[in-house]
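Below is one structure, written out as structure tokens, with a few remarks after it.
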Amino acid sequence: MEKRNSSTLTEFILQGLPHSKVLTIPLVLLFVFLYIFTLLGNILLLLIVKPTSALHTPMYFFLANLSFLDIFLSSVTLPKLLASLLSVKNIPFSGCVSQLYFFHFLASSECFLYTVMAYDRYVAICHPFLYTQHMNWKLYMGLGFGSWLTGSVHSMIHTILTFILPFCGPNEIEYFFCDIIPVLKLACADTTINKSMTLVNIGTIALICFIIILTSYINIILQAVMKIKTVDAKRKIFSTCGSHATVVLLFYIPCVFIYMRPDTGSSNDSTLAIFYTVITPFLNPIIYSLRHKEVKEAFKKLIWINTF
């Protein structure tokens, strides 16, 4: 790369996961398994939802959006993680820029979508009459599109702020992908503004979304359980909300922990990043969708039609 913004680096070196050399083969097999089944689970959900008119509802519209995000999010990070485990650690400067943008675009969109989905479930369960009146296709399409648009703008801001800095020194990133905090450590300039933006615009927003989601699920449990008399129905609500809360915790807690402390980030943070880059995209189709009765019935019908 030619000299630009006082940068002389043509590529970065991704150090990968810490302490992974002794477990290279098991980790490669594990991540290949997770990647394949992440793709299969999310693609399967999309194949089920699209032709099934009974699933053309706001909830499954949001779940289909989540599946798209999970497919692309895992594809942005996992192949490079596998490459780093196999000693292919270099990434071009332009590739690092692209990876940082698309990671934050997809992860931010997913962050906002989780919040929208939690609110959607709260209104549907606790205020069903209000839900049927106001949750029309214009509103849920707007909420879905708004999550993608907000994520894109959010990521664009951070990508520009990061790569207008000069990079002239060491090029080894203590992470398994190009993320803001480890990349900023290599900048040959003051990064105070960048770190402040990371704290406010990522850490704080993620924390607020996390609180809104938990509040929605707590209200679902308190308000819905109070109205339900049967034990089985109560158990179903607790099971559903508990499963969803588990995914939310795995996504948000590591995210908040990492981005709320941009000054003290370490290579060990990359281990935490596995949860929201690898684990939650793998779990989402299982917990949110494929265990639902409607999806199981639609899947059986799809298999029957294509077989006979």
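To be explicit about the labels: the chains of the structure tokens are called A, B, and onward in the order shown, and within each one the residues are counted from 1, while ligands get numbers from 1 in the order they are shown.
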
Practice task
Find the residues near stretch 184-197 of chain A: any atom within 12 Å, counting only C-alpha atoms, skip ones fewer than 2 places away on the same chain, and give them as number ranges by chain.
Solution key: A: 5-9, 12-13, 100, 154-155, 157-175, 178-182, 199-205, 258-267

Can you write out the residues you just picked, keeping N, CA and C atoms, as a short mmCIF file (atom, residue, chain, number, x, y, z; two decimals), in the first residue's frame?
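Result went into selection35.cif, see below:
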```cif
data_model
loop_
_atom_site.label_atom_id
_atom_site.label_comp_id
_atom_site.auth_asym_id
_atom_site.auth_seq_id
_atom_site.Cartn_x
_atom_site.Cartn_y
_atom_site.Cartn_z
N ASN A 5 -2.13 8.88 4.76
CA ASN A 5 -2.36 9.30 6.13
C ASN A 5 -1.17 8.91 7.03
N SER A 6 0.04 9.07 6.48
CA SER A 6 1.29 8.75 7.18
C SER A 6 1.42 7.27 7.51
N SER A 7 0.60 6.40 6.90
CA SER A 7 0.69 4.96 7.15
C SER A 7 1.69 4.34 6.20
N THR A 8 2.51 3.44 6.71
CA THR A 8 3.47 2.74 5.86
C THR A 8 3.21 1.23 5.87
N LEU A 9 2.24 0.77 6.63
CA LEU A 9 1.97 -0.65 6.72
C LEU A 9 1.18 -1.13 5.50
N PHE A 12 -1.36 -6.38 8.27
CA PHE A 12 -1.30 -6.63 9.71
C PHE A 12 -1.11 -8.13 9.94
N ILE A 13 -0.64 -8.47 11.12
CA ILE A 13 -0.48 -9.86 11.53
C ILE A 13 -1.44 -10.12 12.69
N LEU A 100 -13.10 -4.87 9.89
CA LEU A 100 -13.56 -4.05 11.01
C LEU A 100 -14.93 -3.44 10.70
N HIS A 154 -23.34 3.39 12.33
CA HIS A 154 -22.54 3.23 13.54
C HIS A 154 -21.15 2.69 13.19
N SER A 155 -21.10 1.66 12.35
CA SER A 155 -19.83 1.05 11.98
C SER A 155 -18.99 1.98 11.10
N ILE A 157 -18.84 5.19 11.13
CA ILE A 157 -18.21 6.23 11.96
C ILE A 157 -16.93 5.70 12.59
N HIS A 158 -17.01 4.50 13.19
CA HIS A 158 -15.85 3.95 13.88
C HIS A 158 -14.75 3.53 12.92
N THR A 159 -15.13 3.02 11.76
CA THR A 159 -14.12 2.61 10.78
C THR A 159 -13.33 3.83 10.28
N ILE A 160 -14.04 4.90 9.98
CA ILE A 160 -13.36 6.12 9.52
C ILE A 160 -12.46 6.69 10.60
N LEU A 161 -12.99 6.78 11.84
CA LEU A 161 -12.20 7.34 12.94
C LEU A 161 -10.96 6.49 13.23
N THR A 162 -11.05 5.19 13.01
CA THR A 162 -9.91 4.31 13.28
C THR A 162 -8.84 4.44 12.21
N PHE A 163 -9.24 4.42 10.95
CA PHE A 163 -8.24 4.30 9.88
C PHE A 163 -7.83 5.64 9.26
N ILE A 164 -8.32 6.76 9.82
CA ILE A 164 -7.70 8.04 9.45
C ILE A 164 -6.44 8.27 10.29
N LEU A 165 -6.24 7.42 11.29
CA LEU A 165 -5.02 7.51 12.10
C LEU A 165 -3.84 6.94 11.32
N PRO A 166 -2.63 7.44 11.60
CA PRO A 166 -1.43 6.88 10.94
C PRO A 166 -1.01 5.57 11.60
N PHE A 167 -0.59 4.61 10.78
CA PHE A 167 -0.08 3.34 11.27
C PHE A 167 1.32 3.15 10.68
N CYS A 168 2.33 3.35 11.50
CA CYS A 168 3.70 3.32 10.99
C CYS A 168 4.59 2.40 11.79
N GLY A 169 4.08 1.87 12.90
CA GLY A 169 4.90 1.06 13.79
C GLY A 169 4.63 -0.41 13.67
N PRO A 170 4.64 -1.14 14.78
CA PRO A 170 4.42 -2.59 14.73
C PRO A 170 3.06 -2.93 14.12
N ASN A 171 2.99 -4.10 13.52
CA ASN A 171 1.76 -4.47 12.81
C ASN A 171 1.11 -5.73 13.36
N GLU A 172 1.49 -6.16 14.56
CA GLU A 172 0.94 -7.38 15.15
C GLU A 172 -0.27 -7.05 16.02
N ILE A 173 -1.44 -7.55 15.61
CA ILE A 173 -2.69 -7.31 16.34
C ILE A 173 -2.93 -8.47 17.30
N GLU A 174 -3.04 -8.17 18.57
CA GLU A 174 -3.23 -9.21 19.59
C GLU A 174 -4.71 -9.61 19.66
N TYR A 175 -5.19 -10.19 18.57
CA TYR A 175 -6.60 -10.55 18.45
C TYR A 175 -6.72 -11.52 17.29
N CYS A 178 -9.68 -8.06 13.10
CA CYS A 178 -9.42 -6.63 13.24
C CYS A 178 -10.58 -5.96 13.97
N ASP A 179 -10.34 -5.62 15.21
CA ASP A 179 -11.33 -4.90 16.00
C ASP A 179 -10.74 -3.58 16.44
N ILE A 180 -11.59 -2.68 16.88
CA ILE A 180 -11.17 -1.30 17.13
C ILE A 180 -10.08 -1.22 18.20
N ILE A 181 -10.32 -1.80 19.37
CA ILE A 181 -9.40 -1.62 20.49
C ILE A 181 -8.00 -2.17 20.19
N PRO A 182 -7.85 -3.41 19.71
CA PRO A 182 -6.49 -3.88 19.41
C PRO A 182 -5.83 -3.15 18.25
N LEU A 199 -16.05 3.84 24.03
CA LEU A 199 -16.72 3.70 25.33
C LEU A 199 -18.17 4.14 25.26
N VAL A 200 -18.41 5.32 24.66
CA VAL A 200 -19.75 5.90 24.64
C VAL A 200 -20.63 5.24 23.59
N ASN A 201 -20.10 5.10 22.38
CA ASN A 201 -20.92 4.70 21.24
C ASN A 201 -21.05 3.19 21.06
N ILE A 202 -20.22 2.42 21.76
CA ILE A 202 -20.35 0.97 21.68
C ILE A 202 -20.69 0.41 23.06
N GLY A 203 -19.81 0.66 24.04
CA GLY A 203 -20.02 0.10 25.36
C GLY A 203 -21.32 0.56 26.01
N THR A 204 -21.57 1.87 25.99
CA THR A 204 -22.76 2.40 26.65
C THR A 204 -24.03 1.99 25.92
N ILE A 205 -24.03 2.06 24.59
CA ILE A 205 -25.22 1.68 23.82
C ILE A 205 -25.52 0.19 24.02
N ILE A 258 -15.82 -5.80 27.23
CA ILE A 258 -14.70 -5.41 26.38
C ILE A 258 -14.74 -3.93 26.03
N TYR A 259 -15.91 -3.44 25.58
CA TYR A 259 -15.96 -2.08 25.04
C TYR A 259 -16.18 -1.00 26.09
N MET A 260 -16.48 -1.41 27.32
CA MET A 260 -16.57 -0.42 28.39
C MET A 260 -15.21 -0.12 29.01
N ARG A 261 -14.19 -0.82 28.55
CA ARG A 261 -12.84 -0.60 29.08
C ARG A 261 -11.82 -0.56 27.93
N PRO A 262 -11.94 0.42 27.02
CA PRO A 262 -11.05 0.47 25.85
C PRO A 262 -9.59 0.74 26.20
N ASP A 263 -9.32 1.32 27.39
CA ASP A 263 -7.94 1.62 27.78
C ASP A 263 -7.20 0.41 28.30
N THR A 264 -7.93 -0.61 28.74
CA THR A 264 -7.28 -1.75 29.39
C THR A 264 -7.49 -3.05 28.64
N GLY A 265 -7.86 -2.97 27.37
CA GLY A 265 -8.09 -4.19 26.60
C GLY A 265 -6.83 -5.04 26.52
N SER A 266 -6.99 -6.36 26.55
CA SER A 266 -5.85 -7.27 26.48
C SER A 266 -6.12 -8.36 25.45
N SER A 267 -5.09 -9.15 25.17
CA SER A 267 -5.24 -10.23 24.21
C SER A 267 -6.24 -11.28 24.70
#
```

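For stretch 49-268 of chain A, the set of residues given strand (DSSP E) by DSSP on the backbone reads Asn90, Ile91, Pro92, Glu172 and Ile173 of chain A.
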
Keeping only N, CA, C and O atoms, take the residues you just selected and write them out as an mmCIF file, in the first residue's frame.
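Saved file part11.cif follows:
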```
data_model
loop_
_atom_site.group_PDB
_atom_site.id
_atom_site.type_symbol
_atom_site.label_atom_id
_atom_site.label_comp_id
_atom_site.auth_asym_id
_atom_site.auth_seq_id
_atom_site.Cartn_x
_atom_site.Cartn_y
_atom_site.Cartn_z
ATOM 1 N N ASN A 90 -1.455 -13.324 8.352
ATOM 2 C CA ASN A 90 -1.410 -11.993 7.749
ATOM 3 C C ASN A 90 -2.754 -11.606 7.141
ATOM 4 O O ASN A 90 -3.504 -12.451 6.640
ATOM 5 N N ILE A 91 -3.058 -10.322 7.184
ATOM 6 C CA ILE A 91 -4.257 -9.773 6.555
ATOM 7 C C ILE A 91 -3.882 -8.435 5.944
ATOM 8 O O ILE A 91 -3.236 -7.604 6.592
ATOM 9 N N PRO A 92 -4.226 -8.178 4.682
ATOM 10 C CA PRO A 92 -3.879 -6.900 4.053
ATOM 11 C C PRO A 92 -4.509 -5.724 4.790
ATOM 12 O O PRO A 92 -5.529 -5.868 5.478
ATOM 13 N N GLU A 172 1.492 -6.164 14.561
ATOM 14 C CA GLU A 172 0.942 -7.380 15.147
ATOM 15 C C GLU A 172 -0.269 -7.054 16.021
ATOM 16 O O GLU A 172 -0.139 -6.365 17.035
ATOM 17 N N ILE A 173 -1.444 -7.547 15.614
ATOM 18 C CA ILE A 173 -2.690 -7.309 16.341
ATOM 19 C C ILE A 173 -2.931 -8.466 17.301
ATOM 20 O O ILE A 173 -3.008 -9.623 16.882
#
```

Problem - Given only C-alpha atoms as the counted atoms, nearest of A:Ala54, A:Leu17, A:Ala107, A:Ile287 to A:Leu69 - result: A:Ala107

Practice task
Find the spatial neighbours of stretch 101-104 of chain A, counting only C-alpha atoms, within a cut-off of 7 Å - ignore same-chain residues fewer than 2 positions away - and output them as a PyMOL selection string.
Solution key: chain A and resi 73+76+97-99+106-108+155-156+159

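The shortest atom-to-atom distance to A:Gly16, with only C-alpha atoms taken into account, belongs to A:Ala273 out of A:Leu29, A:Leu47, A:Ile71, A:Ala273.
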
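Shortest separation to A:Val153 among A:Ser109, A:Ser289, A:Thr277, A:Ser87 occurs at residue A:Ser109, atoms counted being only C-alpha atoms.
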
Practice task
Step one, run DSSP on the backbone; step two, keep only residues of stretch 7-172 of chain A assigned to alpha helix (DSSP H); then write them as a PyMOL selection string.
Solution key: chain A and resi 24-49+58-85+93-126+128-134+137-163

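Between A:Phe61 and the candidates A:Phe210, A:Tyr140, A:Phe145, A:Phe299, the tightest atom-to-atom separation, counting only C-alpha atoms, involves A:Tyr140.
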
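Proximity of A:Pro58, A:Ile208, A:Phe112, A:Phe68 to A:His134, computed with only C-alpha atoms, is greatest for A:Pro58.
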
Non-local contacts of A:Val32 (10 Å; only C-alpha atoms; under 4 positions in same chain excluded) as a PDB file with N, CA and C atoms, in the first residue's frame:
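To be explicit, this is the file written out as around.pdb:
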```
ATOM      1  N   PRO A  26      -7.601 -29.688  17.895  1.00  0.00           N
ATOM      2  CA  PRO A  26      -8.944 -29.695  18.492  1.00  0.00           C
ATOM      3  C   PRO A  26      -9.720 -28.406  18.252  1.00  0.00           C
ATOM      4  N   LEU A  27      -9.027 -27.263  18.329  1.00  0.00           N
ATOM      5  CA  LEU A  27      -9.710 -25.984  18.112  1.00  0.00           C
ATOM      6  C   LEU A  27     -10.164 -25.838  16.664  1.00  0.00           C
ATOM      7  N   VAL A  28      -9.316 -26.253  15.729  1.00  0.00           N
ATOM      8  CA  VAL A  28      -9.703 -26.187  14.313  1.00  0.00           C
ATOM      9  C   VAL A  28     -10.939 -27.036  14.068  1.00  0.00           C
ATOM     10  N   ILE A  36     -19.880 -24.760  10.303  1.00  0.00           N
ATOM     11  CA  ILE A  36     -20.756 -25.509   9.396  1.00  0.00           C
ATOM     12  C   ILE A  36     -22.187 -25.535   9.924  1.00  0.00           C
ATOM     13  N   PHE A  37     -22.333 -25.828  11.208  1.00  0.00           N
ATOM     14  CA  PHE A  37     -23.674 -25.936  11.761  1.00  0.00           C
ATOM     15  C   PHE A  37     -24.331 -24.571  11.973  1.00  0.00           C
ATOM     16  N   THR A  38     -23.536 -23.527  12.130  1.00  0.00           N
ATOM     17  CA  THR A  38     -24.093 -22.168  12.152  1.00  0.00           C
ATOM     18  C   THR A  38     -24.721 -21.838  10.803  1.00  0.00           C
ATOM     19  N   LEU A  78     -14.942 -16.110  11.553  1.00  0.00           N
ATOM     20  CA  LEU A  78     -14.504 -17.491  11.747  1.00  0.00           C
ATOM     21  C   LEU A  78     -13.454 -17.975  10.732  1.00  0.00           C
ATOM     22  N   PRO A  79     -13.617 -17.703   9.430  1.00  0.00           N
ATOM     23  CA  PRO A  79     -12.580 -18.163   8.495  1.00  0.00           C
ATOM     24  C   PRO A  79     -11.194 -17.610   8.825  1.00  0.00           C
ATOM     25  N   LEU A  82      -9.814 -19.494  11.814  1.00  0.00           N
ATOM     26  CA  LEU A  82      -9.292 -20.791  11.392  1.00  0.00           C
ATOM     27  C   LEU A  82      -7.937 -20.640  10.684  1.00  0.00           C
TER      28      LEU A  82
END
```
